[in-house]
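Okay, query24.cif is below, mmCIF, C-alpha atoms:
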```
data_work
#
loop_
_atom_site.group_PDB
_atom_site.id
_atom_site.type_symbol
_atom_site.label_atom_id
_atom_site.label_comp_id
_atom_site.auth_asym_id
_atom_site.auth_seq_id
_atom_site.Cartn_x
_atom_site.Cartn_y
_atom_site.Cartn_z
ATOM 1 C CA MET T 1294 72.274 48.880 11.831
ATOM 2 C CA ASN T 1295 71.376 52.509 11.582
ATOM 3 C CA LYS T 1296 67.933 53.957 11.955
ATOM 4 C CA LEU T 1297 67.564 54.710 8.241
ATOM 5 C CA ILE T 1298 68.215 51.092 7.224
ATOM 6 C CA LYS T 1299 65.973 49.752 10.031
ATOM 7 C CA GLY T 1300 63.185 52.105 8.911
ATOM 8 C CA ALA T 1301 63.548 51.039 5.258
ATOM 9 C CA VAL T 1302 63.454 47.314 6.173
ATOM 10 C CA THR T 1303 60.438 47.829 8.458
ATOM 11 C CA GLY T 1304 58.650 49.871 5.796
ATOM 12 C CA ALA T 1305 59.348 47.252 3.099
ATOM 13 C CA ALA T 1306 58.066 44.477 5.384
ATOM 14 C CA GLY T 1307 54.893 46.475 6.111
ATOM 15 C CA ILE T 1308 54.271 47.091 2.405
ATOM 16 C CA ALA T 1309 54.814 43.374 1.666
ATOM 17 C CA LEU T 1310 52.300 42.421 4.376
ATOM 18 C CA LEU T 1311 49.757 44.887 3.012
ATOM 19 C CA LEU T 1312 50.215 43.658 -0.554
ATOM 20 C CA GLY T 1313 50.080 39.990 0.480
ATOM 21 C CA GLY T 1314 46.775 40.498 2.282
ATOM 22 C CA ALA T 1315 45.226 42.715 -0.403
ATOM 23 C CA GLY T 1316 42.596 40.064 -1.224
ATOM 24 C CA THR T 1317 41.278 39.990 2.333
ATOM 25 C CA PHE T 1318 39.776 43.456 2.328
ATOM 26 C CA ALA T 1319 35.971 43.228 2.092
ATOM 27 C CA ALA T 1320 34.227 45.223 -0.576
ATOM 28 C CA TRP T 1321 30.584 46.157 -0.311
ATOM 29 C CA ASN T 1322 28.241 43.666 -1.924
ATOM 30 C CA THR T 1323 24.605 42.659 -1.788
ATOM 31 C CA ASP T 1324 22.241 40.126 -3.385
ATOM 32 C CA ALA T 1325 18.549 39.475 -3.965
ATOM 33 C CA SER T 1326 16.541 36.340 -4.767
ATOM 34 C CA ILE T 1327 14.433 36.062 -7.897
ATOM 35 C CA ALA T 1328 11.089 34.241 -8.056
ATOM 36 C CA LYS T 1329 10.427 34.785 -4.369
ATOM 37 C CA ASP T 1330 8.481 31.976 -2.674
ATOM 38 C CA THR T 1331 8.720 29.714 -5.757
ATOM 39 C CA THR T 1332 9.912 26.097 -5.696
ATOM 40 C CA ILE T 1333 10.264 23.887 -8.755
ATOM 41 C CA SER T 1334 10.214 20.099 -8.778
ATOM 42 C CA ASP T 1335 10.855 17.278 -11.198
ATOM 43 C CA GLY T 1336 8.497 14.447 -12.037
ATOM 44 C CA HIS T 1337 8.848 10.716 -12.548
ATOM 45 C CA LEU T 1338 8.273 7.910 -15.036
ATOM 46 C CA SER T 1339 7.908 4.196 -14.255
ATOM 47 C CA VAL T 1340 6.287 1.037 -15.576
ATOM 48 C CA ASP T 1341 5.566 -1.969 -13.394
ATOM 49 C CA VAL T 1342 3.933 -5.387 -13.509
ATOM 50 C CA ASP T 1343 1.976 -6.483 -10.445
ATOM 51 C CA LYS T 1344 3.769 -9.672 -9.373
ATOM 52 C CA THR T 1345 0.981 -10.542 -6.906
ATOM 53 C CA VAL T 1346 -1.560 -11.114 -9.701
ATOM 54 C CA LYS T 1347 -1.273 -14.398 -11.562
ATOM 55 C CA PRO T 1348 -1.013 -13.792 -15.334
ATOM 56 C CA GLU T 1349 -3.708 -15.237 -17.573
ATOM 57 C CA TRP T 1350 -2.535 -17.864 -20.077
ATOM 58 C CA ASP T 1351 -4.710 -19.208 -22.889
ATOM 59 C CA ASP T 1352 -4.247 -21.768 -25.644
ATOM 60 C CA VAL T 1353 -5.640 -20.102 -28.789
ATOM 61 C CA THR T 1354 -4.262 -22.636 -31.283
ATOM 62 C CA TYR T 1355 -7.616 -23.641 -32.755
ATOM 63 C CA GLY T 1356 -9.290 -20.238 -32.581
ATOM 64 C CA GLY T 1357 -10.929 -20.820 -29.195
ATOM 65 C CA THR T 1358 -9.678 -19.775 -25.795
ATOM 66 C CA THR T 1359 -8.701 -22.479 -23.305
ATOM 67 C CA SER T 1360 -7.069 -21.456 -20.016
ATOM 68 C CA ILE T 1361 -3.832 -23.309 -19.368
ATOM 69 C CA ASP T 1362 -0.947 -23.582 -16.930
ATOM 70 C CA PRO T 1363 2.129 -22.755 -19.049
ATOM 71 C CA SER T 1364 4.364 -24.931 -16.876
ATOM 72 C CA GLN T 1365 2.253 -27.930 -17.910
ATOM 73 C CA PHE T 1366 2.029 -27.053 -21.612
ATOM 74 C CA VAL T 1367 4.438 -28.579 -24.145
ATOM 75 C CA PHE T 1368 4.614 -26.913 -27.554
ATOM 76 C CA VAL T 1369 4.424 -28.717 -30.888
ATOM 77 C CA PRO T 1370 4.656 -27.000 -34.282
ATOM 78 C CA GLY T 1371 1.554 -24.873 -34.944
ATOM 79 C CA ASP T 1372 0.745 -24.155 -31.265
ATOM 80 C CA HIS T 1373 -0.216 -20.620 -30.227
ATOM 81 C CA LEU T 1374 -0.378 -19.390 -26.614
ATOM 82 C CA ARG T 1375 -1.509 -15.984 -25.406
ATOM 83 C CA LEU T 1376 -0.461 -14.267 -22.181
ATOM 84 C CA LYS T 1377 -2.578 -11.410 -20.824
ATOM 85 C CA GLU T 1378 -1.269 -9.183 -18.075
ATOM 86 C CA ASP T 1379 -1.645 -5.596 -16.927
ATOM 87 C CA VAL T 1380 1.200 -3.107 -16.704
ATOM 88 C CA THR T 1381 0.940 0.056 -14.636
ATOM 89 C CA ILE T 1382 2.400 3.336 -15.846
ATOM 90 C CA SER T 1383 3.088 6.036 -13.279
ATOM 91 C CA ALA T 1384 4.175 9.410 -14.609
ATOM 92 C CA GLN T 1385 4.321 13.090 -13.811
ATOM 93 C CA GLY T 1386 5.734 15.890 -15.925
ATOM 94 C CA SER T 1387 4.300 18.949 -17.613
ATOM 95 C CA ASN T 1388 5.907 18.110 -20.978
ATOM 96 C CA LEU T 1389 6.478 14.388 -20.567
ATOM 97 C CA THR T 1390 6.379 12.264 -23.709
ATOM 98 C CA ALA T 1391 7.538 8.649 -23.669
ATOM 99 C CA GLN T 1392 7.629 5.656 -25.964
ATOM 100 C CA LEU T 1393 6.028 2.413 -24.759
ATOM 101 C CA SER T 1394 7.085 -0.888 -26.310
ATOM 102 C CA ALA T 1395 7.737 -4.536 -25.546
ATOM 103 C CA THR T 1396 11.028 -6.231 -26.249
ATOM 104 C CA THR T 1397 10.251 -9.681 -27.601
ATOM 105 C CA PRO T 1398 13.528 -11.201 -28.741
ATOM 106 C CA GLY T 1399 13.503 -14.187 -31.029
ATOM 107 C CA ALA T 1400 14.271 -17.593 -29.640
ATOM 108 C CA THR T 1401 17.605 -17.861 -27.887
ATOM 109 C CA ASP T 1402 17.879 -21.399 -29.216
ATOM 110 C CA ALA T 1403 17.056 -23.387 -32.356
ATOM 111 C CA ALA T 1404 13.310 -23.713 -31.699
ATOM 112 C CA GLY T 1405 12.258 -20.608 -33.636
ATOM 113 C CA PHE T 1406 9.486 -19.430 -31.290
ATOM 114 C CA GLN T 1407 7.770 -16.263 -32.525
ATOM 115 C CA VAL T 1408 6.852 -13.744 -29.833
ATOM 116 C CA THR T 1409 4.854 -10.531 -30.333
ATOM 117 C CA ALA T 1410 3.223 -8.076 -27.928
ATOM 118 C CA ALA T 1411 0.448 -5.496 -28.165
ATOM 119 C CA PHE T 1412 -1.056 -3.023 -25.699
ATOM 120 C CA ASP T 1413 -4.771 -2.288 -25.288
ATOM 121 C CA THR T 1414 -4.892 1.514 -25.179
ATOM 122 C CA SER T 1415 -8.694 1.873 -25.202
ATOM 123 C CA GLY T 1416 -8.847 2.857 -21.510
ATOM 124 C CA THR T 1417 -6.100 5.471 -21.607
ATOM 125 C CA ALA T 1418 -8.205 8.511 -22.628
ATOM 126 C CA GLY T 1419 -5.930 9.214 -25.580
ATOM 127 C CA GLN T 1420 -2.755 9.412 -23.494
ATOM 128 C CA ILE T 1421 -1.336 6.328 -25.225
ATOM 129 C CA VAL T 1422 -1.508 6.137 -29.007
ATOM 130 C CA SER T 1423 -0.270 3.326 -31.274
ATOM 131 C CA LEU T 1424 2.429 4.404 -33.700
ATOM 132 C CA GLY T 1425 1.636 1.360 -35.860
ATOM 133 C CA ASP T 1426 5.040 -0.311 -35.613
ATOM 134 C CA GLY T 1427 4.699 -2.090 -32.290
ATOM 135 C CA THR T 1428 5.490 1.090 -30.375
ATOM 136 C CA TYR T 1429 3.163 3.494 -28.613
ATOM 137 C CA SER T 1430 3.429 7.166 -27.731
ATOM 138 C CA PHE T 1431 2.545 8.175 -24.156
ATOM 139 C CA LYS T 1432 1.951 11.809 -23.124
ATOM 140 C CA THR T 1433 0.998 13.385 -19.827
ATOM 141 C CA GLN T 1434 -1.740 16.000 -19.875
ATOM 142 C CA GLY T 1435 -0.481 18.811 -17.635
ATOM 143 C CA ALA T 1436 1.491 18.623 -14.413
ATOM 144 C CA ALA T 1437 -0.779 16.252 -12.453
ATOM 145 C CA ALA T 1438 0.499 12.777 -11.586
ATOM 146 C CA VAL T 1439 -0.960 10.014 -13.770
ATOM 147 C CA THR T 1440 -1.402 6.308 -13.076
ATOM 148 C CA LEU T 1441 -2.663 4.155 -15.952
ATOM 149 C CA THR T 1442 -3.322 0.429 -16.098
ATOM 150 C CA VAL T 1443 -2.640 -0.901 -19.589
ATOM 151 C CA PRO T 1444 -3.417 -4.496 -20.598
ATOM 152 C CA VAL T 1445 -0.670 -6.170 -22.618
ATOM 153 C CA THR T 1446 -1.124 -9.294 -24.735
ATOM 154 C CA VAL T 1447 1.879 -11.449 -25.603
ATOM 155 C CA ASP T 1448 1.422 -14.052 -28.358
ATOM 156 C CA ILE T 1449 3.824 -16.993 -28.512
ATOM 157 C CA THR T 1450 3.748 -19.394 -31.445
ATOM 158 C CA LEU T 1451 5.846 -22.270 -32.631
ATOM 159 C CA PRO T 1452 5.506 -22.093 -36.412
ATOM 160 C CA ALA T 1453 4.091 -25.087 -38.252
ATOM 161 C CA ASN T 1454 7.321 -25.268 -40.253
ATOM 162 C CA ALA T 1455 9.563 -25.472 -37.160
ATOM 163 C CA ALA T 1456 12.591 -27.618 -37.903
ATOM 164 C CA ALA T 1457 12.681 -31.167 -36.560
ATOM 165 C CA THR T 1458 16.056 -30.304 -35.010
ATOM 166 C CA ALA T 1459 14.200 -27.837 -32.755
ATOM 167 C CA MET T 1460 12.701 -30.540 -30.551
ATOM 168 C CA ASP T 1461 13.173 -30.344 -26.771
ATOM 169 C CA GLU T 1462 14.150 -26.644 -26.867
ATOM 170 C CA LYS T 1463 13.022 -23.943 -24.413
ATOM 171 C CA TYR T 1464 12.137 -20.251 -24.556
ATOM 172 C CA ASP T 1465 12.761 -18.091 -21.480
ATOM 173 C CA LEU T 1466 9.886 -15.622 -21.046
ATOM 174 C CA ASN T 1467 12.119 -13.481 -18.821
ATOM 175 C CA ASN T 1468 13.423 -12.178 -22.155
ATOM 176 C CA VAL T 1469 10.093 -10.405 -22.756
ATOM 177 C CA THR T 1470 10.281 -6.945 -21.195
ATOM 178 C CA ILE T 1471 8.097 -3.841 -21.187
ATOM 179 C CA ASN T 1472 9.949 -0.596 -21.980
ATOM 180 C CA LEU T 1473 8.907 2.975 -21.252
ATOM 181 C CA GLU T 1474 11.454 5.537 -22.398
ATOM 182 C CA GLN T 1475 11.183 9.319 -22.243
ATOM 183 C CA GLN T 1476 11.464 11.087 -25.578
ATOM 184 C CA LEU T 1477 13.411 14.326 -25.265
ATOM 185 C CA PRO T 1478 11.841 17.453 -26.742
ATOM 186 C CA ASP T 1479 13.307 18.926 -29.889
ATOM 187 C CA SER T 1480 15.899 21.595 -29.152
ATOM 188 C CA LYS T 1481 14.330 25.024 -29.629
ATOM 189 C CA SER T 1482 16.791 27.820 -29.041
#
```
Spell out the structure here as structure tokens.
Amino acid sequence: MNKLIKGAVTGAAGIALLLGGAGTFAAWNTDASIAKDTTISDGHLSVDVDKTVKPEWDDVTYGGTTSIDPSQFVFVPGDHLRLKEDVTISAQGSNLTAQLSATTPGATDAAGFQVTAAFDTSGTAGQIVSLGDGTYSFKTQGAAAVTLTVPVTVDITLPANAAATAMDEKYDLNNVTINLEQQLPDSKS
């Protein structure tokens, strides 16, 4: 092979190597941080029932209040029991709004138990407001963490017109749940 051909092949190989590695050349660059010495954080939202405190059960059938043990009580048509228990809301968020409610499904059997729930918001300094339909609006006031104890009353009745075929039925109170769900802000572009 003559020198001219060797030189052309060597030159072509060198150009190919340079072109193939073109992306590896460093260009000058720099960066800077914005909001120096600033950290942001997110909050939290939870609702809990203290399992160490025994709930208070009362028979309110005849307008009075008689404490009872629900495991020893057997319903007949017209009976009305009331459960009182506290729920604890823990929340933190500068713009946190949530909806508080209780899920009280109808009887899962033929008995026809009626179950309703209500929250006592008098001790919440206006942070929980009834919306009038069994739901409540909860709002934080600023970025500070909030812990609120809210009494809840659950009324359970077996209507006086309960069907005779409903005898010996059961209602599982595990179906009654307390819900606290964040409400997203309206989109404002």
Contacts of Ile1449 (chain T) within 7 Å, only C-alpha atoms, excl. fewer than 4 positions in-chain, as an NGL selection string: :T and (1373-1375 or 1406-1409)
Output the residue selection produced by the PyMOL selection byres ((chain T and resi 1398) around 12) on the file above, formatted as a list of chain:residue names.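 With the PyMOL selection byres ((chain T and resi 1398) around 12) on this model, the match is T:Ala1395, T:Thr1396, T:Thr1397, T:Gly1399, T:Ala1400, T:Thr1401, T:Asp1402, T:Gly1405, T:Phe1406, T:Gln1407, T:Val1408, T:Thr1409, T:Ala1410, T:Ile1449, T:Tyr1464, T:Asp1465, T:Leu1466, T:Asn1467, T:Asn1468, T:Val1469, T:Thr1470, T:Ile1471.
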Pick from T:Leu1376, T:Val1340, T:Ala1457, T:Ile1327, whichever lies nearest to Val1353 (chain T) using only C-alpha atoms: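 Checking each candidate against Val1353 (chain T), we get T:Leu1376 as the closest.
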Centre and edge lengths of an axis-aligned box around all listed atoms of region 1419-1433 of chain T, with 4 Å added on each side, are to be given in Å to one decimal, as lines of an AutoDock Vina configuration file.
```
center_x = -0.2
center_y = 5.6
center_z = -27.8
size_x = 19.4
size_y = 23.5
size_z = 24.0
```
Take the PyMOL selection byres ((chain T and resi 1422-1432) around 6), apply it to the structure above, and return the hits as a PyMOL selection string. chain T and resi 1389-1394+1420-1421+1433
Would you translate the PyMOL selection byres ((chain T and resi 1440) around 12) into the concrete set of residues it matches in this file, as number ranges by chain? T: 1337-1341, 1380-1385, 1416-1418, 1420, 1431-1434, 1437-1439, 1441-1443
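The residue that comes closest to Gln1365 (chain T), out of T:Trp1350, T:Glu1378, T:Thr1450, T:Ala1320 and on the basis of all atoms listed in the file, is T:Trp1350.
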